[in-house]
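Everything below belongs to work.cif, which stores mmCIF, C-alpha atoms.
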data_my_file
loop_
_atom_site.label_atom_id
_atom_site.label_comp_id
_atom_site.auth_asym_id
_atom_site.auth_seq_id
_atom_site.Cartn_x
_atom_site.Cartn_y
_atom_site.Cartn_z
CA MET T 5 31.30 17.16 14.57
CA SER T 6 32.98 17.56 11.18
CA GLY T 7 35.16 14.54 11.93
CA MET T 8 31.98 12.54 12.47
CA GLU T 9 30.52 13.74 9.16
CA MET T 10 28.05 15.94 11.06
CA ASP T 11 29.37 19.29 9.86
CA LYS T 12 25.90 20.25 8.58
CA LEU T 13 24.39 20.26 12.07
CA ALA T 14 23.08 23.47 13.63
CA SER T 15 22.03 24.53 17.12
CA ASP T 16 18.35 23.91 16.34
CA TYR T 17 18.93 20.54 14.62
CA LEU T 18 17.04 17.56 16.13
CA LEU T 19 19.21 14.47 16.47
CA THR T 20 18.04 10.99 15.50
CA ASN T 21 18.78 8.00 17.75
CA GLU T 22 21.72 6.97 15.55
CA GLU T 23 23.28 10.45 15.53
CA ALA T 24 22.89 10.82 19.29
CA ALA T 25 24.48 7.39 19.78
CA ASP T 26 27.45 8.32 17.56
CA ILE T 27 28.07 11.49 19.61
CA ALA T 28 27.82 9.55 22.88
CA LEU T 29 30.34 6.97 21.65
CA GLU T 30 32.70 9.76 20.54
CA TYR T 31 32.82 10.98 24.16
CA GLY T 32 33.24 7.50 25.61
CA VAL T 33 29.65 7.07 26.80
CA VAL T 34 27.82 3.85 26.04
CA PRO T 35 24.38 4.78 24.65
CA VAL T 36 21.24 2.85 25.52
CA ILE T 37 18.89 2.74 22.52
CA PRO T 38 15.35 1.45 23.09
CA ASP T 39 14.90 -1.92 21.42
CA ASP T 40 12.37 -1.74 18.59
CA LYS T 41 11.71 -5.46 18.85
CA GLY T 42 8.41 -6.43 20.35
CA PRO T 43 5.61 -8.98 20.05
CA GLU T 44 4.79 -9.66 16.40
CA ILE T 45 3.32 -12.40 14.25
CA TYR T 46 4.28 -13.35 10.71
CA PRO T 47 2.76 -15.58 8.01
CA ARG T 48 4.11 -19.09 7.75
CA ILE T 49 6.80 -19.73 5.16
CA THR T 50 5.32 -21.20 1.99
CA PRO T 51 6.58 -24.77 1.50
CA ASN T 52 8.68 -25.53 -1.57
CA ASP T 53 6.54 -28.52 -2.52
CA MET T 54 2.86 -27.55 -2.77
CA SER T 55 1.77 -30.73 -4.59
CA MET T 56 0.60 -32.37 -1.35
CA HIS T 57 -1.84 -29.53 -0.66
CA PRO T 58 -5.33 -29.31 -2.25
CA LEU T 59 -6.18 -27.18 -5.26
CA ARG T 60 -7.93 -23.88 -4.57
CA PRO T 61 -10.17 -21.68 -6.74
CA PRO T 62 -8.49 -18.91 -8.71
CA VAL T 63 -8.84 -15.30 -7.60
CA VAL T 64 -9.69 -13.20 -10.66
CA THR T 65 -9.70 -9.41 -10.76
CA ILE T 66 -11.86 -7.60 -13.30
CA MET T 67 -10.04 -4.42 -14.36
CA GLY T 68 -10.51 -1.73 -16.98
CA HIS T 69 -11.71 1.79 -17.69
CA VAL T 70 -14.78 3.31 -16.08
CA ASP T 71 -18.10 2.21 -17.61
CA HIS T 72 -16.52 -0.41 -19.89
CA GLY T 73 -18.84 -3.09 -18.48
CA LYS T 74 -16.87 -4.69 -15.64
CA THR T 75 -19.74 -4.77 -13.15
CA THR T 76 -22.21 -5.90 -15.83
CA LEU T 77 -19.86 -8.80 -16.63
CA LEU T 78 -19.79 -9.83 -12.98
CA ASP T 79 -23.55 -9.43 -12.83
CA THR T 80 -23.91 -11.81 -15.75
CA LEU T 81 -21.47 -14.29 -14.25
CA ARG T 82 -23.27 -14.61 -10.94
CA SER T 83 -26.78 -13.89 -12.30
CA SER T 84 -27.77 -11.30 -9.69
CA SER T 85 -28.20 -7.59 -10.23
CA ILE T 86 -25.82 -5.27 -8.41
CA THR T 87 -25.28 -2.57 -11.03
CA ALA T 88 -28.57 -0.83 -10.33
CA SER T 89 -27.75 -0.43 -6.61
CA GLU T 90 -24.46 1.35 -7.25
CA ALA T 91 -24.17 5.13 -7.47
CA GLY T 92 -24.60 6.10 -11.09
CA GLY T 93 -24.04 2.50 -12.18
CA ILE T 94 -20.31 2.85 -11.45
CA THR T 95 -18.54 0.56 -8.95
CA GLN T 96 -17.58 2.54 -5.85
CA HIS T 97 -15.36 0.02 -4.06
CA ILE T 98 -13.81 -3.42 -4.38
CA GLY T 99 -16.31 -6.25 -3.99
CA ALA T 100 -15.38 -9.92 -3.67
CA PHE T 101 -17.77 -12.46 -5.18
CA SER T 102 -17.64 -16.24 -5.41
CA VAL T 103 -19.10 -17.73 -8.58
CA GLN T 104 -19.84 -21.40 -9.25
CA LEU T 105 -19.81 -22.30 -12.93
CA ASP T 106 -21.99 -24.91 -14.60
CA GLY T 107 -19.13 -27.41 -14.46
CA GLY T 108 -18.89 -27.06 -10.66
CA GLU T 109 -15.69 -24.98 -10.68
CA ASN T 110 -15.53 -22.05 -8.27
CA ILE T 111 -13.96 -18.69 -9.11
CA THR T 112 -13.54 -15.73 -6.76
CA PHE T 113 -13.87 -12.40 -8.55
CA LEU T 114 -12.68 -8.98 -7.41
CA ASP T 115 -14.31 -5.96 -9.04
CA THR T 116 -12.10 -2.84 -9.08
CA PRO T 117 -13.34 0.70 -9.81
CA GLY T 118 -12.43 2.23 -13.15
CA HIS T 119 -12.69 5.86 -12.06
CA ALA T 120 -9.41 7.81 -12.17
CA ALA T 121 -9.46 8.54 -8.43
CA PHE T 122 -9.24 4.87 -7.45
CA SER T 123 -5.72 4.03 -8.68
CA ALA T 124 -4.57 2.60 -5.34
CA MET T 125 -7.58 0.30 -5.20
CA ARG T 126 -6.85 -1.09 -8.68
CA ALA T 127 -3.23 -1.73 -7.66
CA ARG T 128 -4.46 -3.51 -4.53
CA GLY T 129 -6.74 -5.69 -6.64
CA ALA T 130 -3.88 -6.63 -8.98
CA ASN T 131 -1.62 -7.60 -6.07
CA ALA T 132 -4.27 -9.83 -4.45
CA THR T 133 -5.12 -11.83 -7.55
CA ASP T 134 -4.04 -14.84 -9.63
CA ILE T 135 -5.51 -13.75 -12.98
CA VAL T 136 -6.50 -10.33 -14.34
CA VAL T 137 -9.41 -10.04 -16.78
CA LEU T 138 -8.86 -6.80 -18.67
CA VAL T 139 -12.20 -5.47 -19.94
CA VAL T 140 -11.96 -3.16 -22.97
CA ALA T 141 -15.06 -1.74 -24.64
CA ALA T 142 -15.03 -2.39 -28.38
CA ASP T 143 -16.68 0.97 -29.04
CA ASP T 144 -14.26 2.96 -26.85
CA GLY T 145 -10.84 1.31 -27.12
CA VAL T 146 -7.88 1.69 -24.78
CA MET T 147 -8.53 4.51 -22.31
CA PRO T 148 -6.44 6.03 -19.44
CA GLN T 149 -7.58 3.58 -16.76
CA THR T 150 -7.14 0.70 -19.24
CA LYS T 151 -3.46 1.65 -19.59
CA GLU T 152 -3.14 1.96 -15.82
CA ALA T 153 -4.77 -1.43 -15.27
CA ILE T 154 -2.35 -3.02 -17.76
CA GLN T 155 0.59 -1.49 -15.89
CA HIS T 156 -0.70 -2.71 -12.52
CA ALA T 157 -1.10 -6.25 -13.89
CA LEU T 158 2.36 -6.25 -15.48
CA ASP T 159 3.95 -4.85 -12.30
CA ALA T 160 2.28 -7.58 -10.24
CA ASP T 161 3.41 -10.20 -12.80
CA VAL T 162 -0.13 -11.59 -13.10
CA PRO T 163 -1.44 -13.46 -16.19
CA ILE T 164 -3.92 -11.44 -18.26
CA ILE T 165 -7.02 -12.44 -20.23
CA VAL T 166 -8.50 -9.72 -22.44
CA ALA T 167 -12.30 -9.47 -22.59
CA ILE T 168 -13.40 -7.24 -25.49
CA ASN T 169 -16.84 -6.13 -24.38
CA LYS T 170 -19.82 -4.60 -26.23
CA CYS T 171 -19.07 -6.63 -29.36
CA ASP T 172 -22.83 -6.73 -30.03
CA LYS T 173 -22.81 -3.07 -31.06
CA ALA T 174 -22.96 -2.28 -34.75
CA GLY T 175 -19.82 -1.09 -36.48
CA VAL T 176 -17.30 -2.20 -33.82
CA ASP T 177 -14.04 -3.92 -34.83
CA PRO T 178 -12.49 -6.14 -32.09
CA SER T 179 -9.36 -6.70 -34.19
CA GLN T 180 -8.65 -2.99 -33.97
CA ILE T 181 -8.70 -3.24 -30.15
CA LYS T 182 -6.19 -6.11 -30.27
CA GLU T 183 -3.87 -4.07 -32.48
CA GLU T 184 -4.23 -1.07 -30.19
CA LEU T 185 -3.28 -3.21 -27.18
CA LEU T 186 0.00 -4.18 -28.88
CA GLN T 187 1.58 -0.82 -28.14
CA TYR T 188 0.99 -1.40 -24.42
CA GLY T 189 2.69 -4.80 -24.30
CA ILE T 190 -0.48 -6.92 -24.66
CA GLN T 191 -0.01 -9.37 -27.55
CA THR T 192 -3.00 -11.66 -28.04
CA GLU T 193 -2.81 -15.23 -29.35
CA ASP T 194 -4.13 -14.46 -32.84
CA LEU T 195 -1.38 -11.85 -33.21
CA GLY T 196 1.39 -14.27 -32.24
CA GLY T 197 1.35 -13.71 -28.49
CA ASP T 198 0.31 -15.84 -25.50
CA ILE T 199 -2.49 -13.69 -24.06
CA GLN T 200 -6.03 -14.97 -24.57
CA ALA T 201 -8.64 -12.56 -25.94
CA VAL T 202 -12.39 -13.25 -25.82
CA GLU T 203 -15.06 -11.23 -27.63
CA ILE T 204 -18.08 -10.83 -25.36
CA SER T 205 -21.25 -8.92 -24.71
CA ALA T 206 -21.61 -8.69 -20.93
CA LEU T 207 -25.14 -7.31 -21.26
CA LYS T 208 -26.44 -10.14 -23.47
CA GLY T 209 -24.17 -12.86 -22.05
CA THR T 210 -22.54 -13.64 -25.41
CA GLY T 211 -19.04 -15.15 -25.04
CA VAL T 212 -19.17 -15.16 -21.21
CA ASP T 213 -19.13 -18.97 -21.08
CA GLU T 214 -16.01 -19.01 -23.25
CA LEU T 215 -14.38 -16.45 -20.95
CA SER T 216 -15.17 -18.62 -17.91
CA GLU T 217 -13.71 -21.69 -19.64
CA ASN T 218 -10.52 -19.77 -20.44
CA ILE T 219 -10.20 -18.71 -16.79
CA VAL T 220 -10.63 -22.29 -15.58
CA THR T 221 -8.10 -23.58 -18.15
CA LEU T 222 -5.52 -20.97 -17.16
CA ALA T 223 -6.10 -21.78 -13.47
CA GLU T 224 -5.39 -25.46 -14.18
CA VAL T 225 -2.12 -24.52 -15.88
CA LEU T 226 -1.13 -22.34 -12.90
CA ASP T 227 -1.86 -25.29 -10.54
CA LEU T 228 -3.07 -23.07 -7.69
CA ARG T 229 -2.82 -24.77 -4.30
CA ALA T 230 -2.95 -23.67 -0.66
CA GLU T 231 -2.69 -25.14 2.84
CA VAL T 232 -5.98 -25.44 4.69
CA ASP T 233 -4.77 -26.64 8.11
CA ILE T 234 -2.58 -23.69 9.14
CA PRO T 235 -3.33 -20.36 10.92
CA VAL T 236 -5.20 -18.13 8.49
CA HIS T 237 -3.37 -15.66 6.23
CA ALA T 238 -5.70 -13.26 4.43
CA THR T 239 -6.08 -9.73 3.04
CA VAL T 240 -8.57 -6.99 3.89
CA ILE T 241 -10.40 -6.16 0.66
CA GLU T 242 -12.57 -3.41 2.13
CA SER T 243 -13.84 -2.13 5.49
CA GLN T 244 -16.71 -0.01 6.74
CA VAL T 245 -19.00 0.78 9.67
CA GLU T 246 -22.48 -0.66 9.21
CA LYS T 247 -25.45 0.35 11.32
CA GLY T 248 -26.51 -2.48 13.58
CA HIS T 249 -23.36 -4.50 12.87
CA GLY T 250 -20.49 -2.19 13.83
CA ASN T 251 -17.08 -2.50 12.20
CA ILE T 252 -17.06 -4.83 9.19
CA ALA T 253 -14.23 -5.93 6.90
CA SER T 254 -14.40 -7.91 3.68
CA VAL T 255 -11.61 -10.48 3.89
CA LEU T 256 -10.06 -12.62 1.15
CA VAL T 257 -8.40 -15.76 2.53
CA LYS T 258 -5.06 -16.65 0.94
CA ARG T 259 -3.96 -19.62 3.07
CA GLY T 260 -5.44 -21.55 5.96
CA THR T 261 -9.07 -21.53 7.09
CA LEU T 262 -10.90 -18.71 8.87
CA ASN T 263 -13.45 -19.89 11.44
CA ILE T 264 -15.94 -18.17 13.72
CA GLY T 265 -14.25 -17.52 17.06
CA ASP T 266 -10.75 -17.09 15.59
CA ILE T 267 -8.61 -14.20 16.83
CA ILE T 268 -7.18 -12.25 13.88
CA ILE T 269 -5.06 -9.12 13.45
CA ALA T 270 -4.98 -6.67 10.53
CA GLY T 271 -2.60 -3.72 10.82
CA THR T 272 -3.45 -2.00 14.11
CA ALA T 273 -6.88 -3.61 14.47
CA TRP T 274 -7.80 -6.99 15.91
CA CYS T 275 -10.95 -9.05 15.91
CA LYS T 276 -12.57 -12.05 17.49
CA VAL T 277 -14.64 -13.31 14.58
CA ARG T 278 -18.26 -13.00 15.68
CA ASN T 279 -20.03 -13.63 12.41
CA MET T 280 -19.19 -14.18 8.72
CA THR T 281 -21.39 -13.80 5.65
CA ASP T 282 -20.72 -14.50 1.99
CA ASP T 283 -21.46 -12.12 -0.90
CA ARG T 284 -25.11 -13.22 -0.95
CA GLY T 285 -25.60 -12.45 2.74
CA ASN T 286 -25.64 -16.09 3.88
CA SER T 287 -23.96 -16.88 7.21
CA VAL T 288 -20.92 -19.16 6.96
CA SER T 289 -18.96 -20.85 9.73
CA SER T 290 -15.64 -21.17 7.90
CA VAL T 291 -13.89 -19.77 4.83
CA GLY T 292 -11.09 -21.59 3.03
CA PRO T 293 -8.35 -20.43 0.61
CA ALA T 294 -9.56 -18.03 -2.13
CA GLY T 295 -12.82 -17.57 -0.26
CA ALA T 296 -14.19 -14.15 0.65
CA ALA T 297 -16.41 -13.15 3.54
CA ARG T 298 -17.62 -10.09 5.46
CA VAL T 299 -16.29 -10.41 9.00
CA THR T 300 -17.78 -8.73 12.07
CA GLY T 301 -16.27 -8.36 15.53
CA TRP T 302 -13.49 -5.84 14.84
CA LYS T 303 -12.48 -3.61 17.74
CA GLU T 304 -11.24 -0.96 15.27
CA ILE T 305 -11.69 -0.56 11.52
CA PRO T 306 -8.83 -2.23 9.59
CA GLN T 307 -7.51 -0.55 6.47
CA ALA T 308 -8.08 -1.95 2.99
CA GLY T 309 -4.98 -3.85 1.88
CA ASP T 310 -3.89 -4.83 5.42
CA MET T 311 -2.55 -8.35 5.89
CA VAL T 312 -4.72 -10.51 8.14
CA LEU T 313 -2.99 -13.02 10.40
CA GLN T 314 -4.28 -15.32 13.11
CA ALA T 315 -3.22 -14.88 16.74
CA GLU T 316 -3.19 -17.57 19.41
CA SER T 317 -5.13 -15.55 21.97
CA GLU T 318 -6.70 -12.18 22.70
CA ALA T 319 -3.72 -11.33 24.92
CA GLN T 320 -1.30 -11.91 22.05
CA ALA T 321 -3.48 -9.92 19.65
CA LYS T 322 -3.64 -6.94 22.04
CA SER T 323 0.13 -6.95 22.67
CA VAL T 324 0.92 -7.17 18.94
CA VAL T 325 -1.51 -4.34 18.10
CA ASN T 326 -0.13 -2.15 20.93
CA HIS T 327 3.41 -2.73 19.64
CA ARG T 328 2.38 -1.85 16.08
CA VAL T 329 0.64 1.34 17.25
CA GLU T 330 3.76 2.39 19.18
CA LYS T 331 5.97 1.52 16.22
CA ARG T 332 3.78 3.58 13.87
CA LYS T 333 3.87 6.50 16.30
CA ASN T 334 7.69 6.38 16.47
CA LYS T 335 7.91 6.21 12.69
CA SER T 336 5.65 9.26 12.41
CA GLN T 337 7.81 11.16 14.91
CA LEU T 338 10.99 10.29 12.98
CA ALA T 339 9.39 11.50 9.76
CA SER T 340 8.42 14.76 11.49
CA ILE T 341 11.98 15.21 12.79
CA SER T 342 13.42 14.62 9.32
CA SER T 343 10.98 17.11 7.78
CA MET T 344 11.76 19.76 10.42
CA ASN T 345 15.51 19.30 9.93
CA ASP T 346 15.16 19.63 6.15
CA LYS T 347 13.20 22.88 6.53
CA ARG T 348 15.73 24.25 9.00
CA ARG T 349 18.61 23.35 6.68
CA GLU T 350 16.89 25.22 3.85
CA THR T 351 16.36 28.25 6.12
CA HIS T 352 20.00 28.22 7.24
CA ALA T 353 21.23 27.89 3.66
CA ARG T 354 19.05 30.79 2.54
CA GLU T 355 20.19 32.95 5.47
CA ASN T 356 23.84 32.16 4.74
CA ILE T 357 23.41 33.21 1.12
CA GLU T 358 21.68 36.43 2.17
CA ARG T 359 24.44 37.23 4.69
CA ALA T 360 27.10 36.58 2.06
CA GLU T 361 25.31 38.90 -0.40
CA GLU T 362 24.99 41.61 2.26
CA LYS T 363 28.71 41.37 3.08
CA ALA T 364 29.62 41.54 -0.60
CA HIS T 365 27.36 44.58 -1.05
CA ALA T 366 28.83 46.33 2.00
CA ARG T 367 32.35 45.64 0.71
CA ALA T 368 31.42 47.05 -2.71
CA VAL T 369 30.05 50.22 -1.04
CA ARG T 370 33.31 50.68 0.91
CA GLU T 371 35.33 50.21 -2.25
CA TYR T 372 33.21 52.90 -3.96
CA TYR T 373 33.89 55.44 -1.24
CA GLN T 374 37.58 54.45 -1.21
CA GLY T 375 37.75 55.17 -4.92
CA ILE T 376 38.41 51.57 -5.88
CA ARG T 377 35.07 51.23 -7.71
CA SER T 378 33.92 53.78 -10.26
CA SER T 379 30.17 53.19 -9.74
CA TYR T 380 27.92 52.72 -6.77
CA PRO T 381 26.75 49.06 -6.45
CA ASP T 382 23.17 48.17 -7.29
CA PRO T 383 20.89 47.84 -4.26
CA LEU T 384 20.14 44.34 -3.01
CA GLU T 385 16.94 42.75 -4.23
CA LYS T 386 14.22 42.16 -1.67
CA LYS T 387 13.85 38.49 -0.74
CA ASP T 388 10.20 38.66 0.31
CA GLY T 389 8.74 38.52 -3.21
CA SER T 390 9.42 36.78 -6.51
CA GLU T 391 9.51 38.32 -9.95
CA GLU T 392 5.98 37.03 -10.39
CA GLY T 393 4.94 38.92 -7.28
CA VAL T 394 6.29 42.22 -8.63
CA ASP T 395 3.91 42.11 -11.57
CA ASN T 396 1.15 40.26 -9.78
CA PRO T 397 0.59 41.18 -6.10
CA GLU T 398 -1.91 38.31 -5.81
CA ALA T 399 0.97 35.83 -6.21
CA ASN T 400 2.44 36.88 -2.85
CA LYS T 401 -0.75 36.06 -0.97
CA PRO T 402 -0.55 32.82 1.02
CA ALA T 403 -2.82 29.99 -0.05
CA LEU T 404 -6.18 29.89 1.67
CA LEU T 405 -6.33 26.84 3.97
CA LEU T 406 -9.55 24.89 3.51
CA PRO T 407 -10.23 22.49 6.42
CA ILE T 408 -11.96 19.30 5.25
CA ILE T 409 -13.38 16.23 6.99
CA VAL T 410 -13.67 13.23 4.65
CA LYS T 411 -16.36 10.64 5.34
CA GLY T 412 -17.18 7.76 2.99
CA ASP T 413 -19.08 4.50 2.73
CA VAL T 414 -15.91 2.37 2.85
CA SER T 415 -12.26 3.00 3.68
CA GLY T 416 -11.08 2.63 0.08
CA THR T 417 -13.36 5.45 -1.06
CA VAL T 418 -12.08 7.72 1.73
CA GLU T 419 -8.49 6.86 0.76
CA ALA T 420 -9.15 7.77 -2.88
CA VAL T 421 -10.89 11.07 -2.06
CA GLU T 422 -8.11 12.10 0.33
CA ALA T 423 -5.47 11.37 -2.31
CA ALA T 424 -7.43 13.31 -4.95
CA LEU T 425 -7.69 16.35 -2.64
CA GLY T 426 -3.92 16.32 -2.19
CA ARG T 427 -3.43 16.55 -5.98
CA LEU T 428 -5.63 19.61 -6.56
CA PRO T 429 -3.75 22.01 -8.87
CA ASN T 430 -5.29 25.21 -7.45
CA LYS T 431 -2.51 27.21 -5.74
CA LYS T 432 -4.92 29.69 -4.15
CA ILE T 433 -6.60 27.05 -2.00
CA LYS T 434 -4.81 24.36 0.00
CA PRO T 435 -7.07 21.59 1.34
CA VAL T 436 -6.19 20.42 4.85
CA VAL T 437 -7.75 17.07 5.77
CA LEU T 438 -8.48 17.30 9.48
CA ASN T 439 -10.00 13.88 9.89
CA THR T 440 -11.19 10.87 7.91
CA GLY T 441 -13.58 8.07 8.68
CA VAL T 442 -16.25 5.71 7.43
#

Written form, structure tokens:
Amino acid sequence: MSGMEMDKLASDYLLTNEEAADIALEYGVVPVIPDDKGPEIYPRITPNDMSMHPLRPPVVTIMGHVDHGKTTLLDTLRSSSITASEAGGITQHIGAFSVQLDGGENITFLDTPGHAAFSAMRARGANATDIVVLVVAADDGVMPQTKEAIQHALDADVPIIVAINKCDKAGVDPSQIKEELLQYGIQTEDLGGDIQAVEISALKGTGVDELSENIVTLAEVLDLRAEVDIPVHATVIESQVEKGHGNIASVLVKRGTLNIGDIIIAGTAWCKVRNMTDDRGNSVSSVGPAGAARVTGWKEIPQAGDMVLQAESEAQAKSVVNHRVEKRKNKSQLASISSMNDKRRETHARENIERAEEKAHARAVREYYQGIRSSYPDPLEKKDGSEEGVDNPEANKPALLLPIIVKGDVSGTVEAVEAALGRLPNKKIKPVVLNTGV
């Protein structure tokens, strides 16, 4: 084993496929490893020359700190109230909205939550977008989720437009916000940079037209185009179970056209599109690039962020999903094996150290009785408690396991709550999520 660089193996070590194959080859046996290849579908390669394809609307994500006016801005843009229907007036999940401006241009907006718990959802919004509108309240300045939103946009390499909101309030200084943004890598045009900044009041509608014009101008510079006559390639924005409708997923189309009756796959879920509605609840028969729709007909609930691809038939969709489920199961088993081996290595290492210390102590005792040592060796320290436990018996008590079932309105909310539970700093209680669902 040592010649095969496996000298750290033990009798209770679980071998991976590769390690088992290496041992078999060492003894002259040809191993048979199950082929991981199976039925799968992939998005079409993007052509180098997109000039022959039609222009598409830009996808714009509104990002920023909680309660800085993101949802109010969207409300003003599409002239329909949604803020009042949300819990506490704070956006709970990503919503996709299509807005037609006075000039006839269409823009698809994504609204991301500003609450600290929804970091993954903001990152997902940044990765699915063409332009990020960073909303900063003039009376509040750069806050923790503002910094995080900036980082997500920079990581995704997405152009940014700064919207300084609540400029109608007395005593606010928008120039101070622009200077504050400098230390986070956001240099606006009037400070020598190339990032547009617009002073607005989302509540009164002041400056919103200018913001829309800047978005349209930037979209023209980006020359956003997409194929419309290929199998659909989209992204799941959000998913939920709705009474009377079953499993529903909000889908943002990137390329191709999604039609009623199409067979689509997202992660380990597949769907024959039964019905599609836009953000106003109107039924639609097809959705093109940069369009968003709520899709019904899913056999299982897809996860937010999953890539949506079109299959040729139900048989292909089922075989691809079955392969993905099996692949995910194998990956989970490999992760479990690796975790078990790591724990066993730690146990063996600790036991080896303890045995070495016991041998050294026994040798020192013998040397004392043989007259080699002048003093009796100190007794070995007990390994079942730390120094903290000596002074504080409570520290030795195991954490109390708290079983939890997480249910939410949409999958993104459940994801955020589960992640927040895993980061609880209390060492006396350890939350164990037994099950999640929507």

Distance cut-off 6 Å, centre (-3.1, -9.2, 7.1) in file coordinates, counting only C-alpha atoms: which residues qualify? Return them as a ChimeraX atom specification.
/T:238-239,270,310-313

Selected residue, from T:Leu405, T:Ile164, T:Ile234, T:Val137, that lies nearest to T:Val212 when counting only C-alpha atoms:
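That would be T:Val137, the residue with the smallest distance to T:Val212.
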
Counting all atoms listed in the file, which residue out of T:Ser343, T:Gln187, T:Ser216, T:Thr50 sits closest to T:Phe113?
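For T:Phe113, the nearest of the given residues is T:Ser216.
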
One number please: atom CA of T:Glu304 to atom CA of T:Gly42, in Å, one decimal.
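If I compute the distance from atom CA of T:Glu304 to atom CA of T:Gly42, I get 21.0 Å.
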
Target residues per the PyMOL selection byres ((chain T and resi 437) around 8), formatted as a ChimeraX atom specification:
/T:407-410,422,435-436,438-440

Output the residue selection produced by the PyMOL selection byres ((chain T and resi 434) around 8) on the file above, formatted as number ranges by chain.
T: 403-406, 430-433, 435-436

When distances are computed from only C-alpha atoms, which of T:Val236, T:Gly292, T:Ala230, T:Ser323 shows the smallest separation from T:Met54?
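Ranked by minimum distance to T:Met54, first place goes to T:Ala230.
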
6 Å contact set for T:Leu138, all atoms listed in the file, chain neighbours under 3 positions out, as a list of chain:residue names:
T:Met67, T:Gly68, T:Val166, T:Ala167

Export, as an mmCIF file, in the coordinates of the input, the selected residues with C-alpha atoms.
data_model
loop_
_atom_site.group_PDB
_atom_site.id
_atom_site.type_symbol
_atom_site.label_atom_id
_atom_site.label_comp_id
_atom_site.auth_asym_id
_atom_site.auth_seq_id
_atom_site.Cartn_x
_atom_site.Cartn_y
_atom_site.Cartn_z
ATOM 1 C CA MET T 67 -10.040 -4.420 -14.360
ATOM 2 C CA GLY T 68 -10.510 -1.730 -16.980
ATOM 3 C CA VAL T 166 -8.500 -9.720 -22.440
ATOM 4 C CA ALA T 167 -12.300 -9.470 -22.590
#

Check what the PyMOL selection byres ((chain T and resi 244-255) around 7) selects in the file above and give those residues as a count of residues only.
21

Which value, in Å to one decimal, gives the distance between atom CA of T:Gly271 and atom CA of T:His57?
28.3 Å

Please compute the atom CA of T:Val139-atom CA of T:Ile168 distance, one decimal, in Å.
5.9 Å

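Of the residues listed (T:Lys411, T:Ala339, T:Val162, T:Thr20), T:Val162 shows the shortest atom-to-atom separation from T:Leu226; distances use all atoms listed in the file.
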
Which residue of T:Leu158, T:Leu215, T:Ala201, T:Leu222 approaches T:Tyr188 most closely, using all atoms listed in the file:
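So, comparing all the options, the nearest one is T:Leu158.
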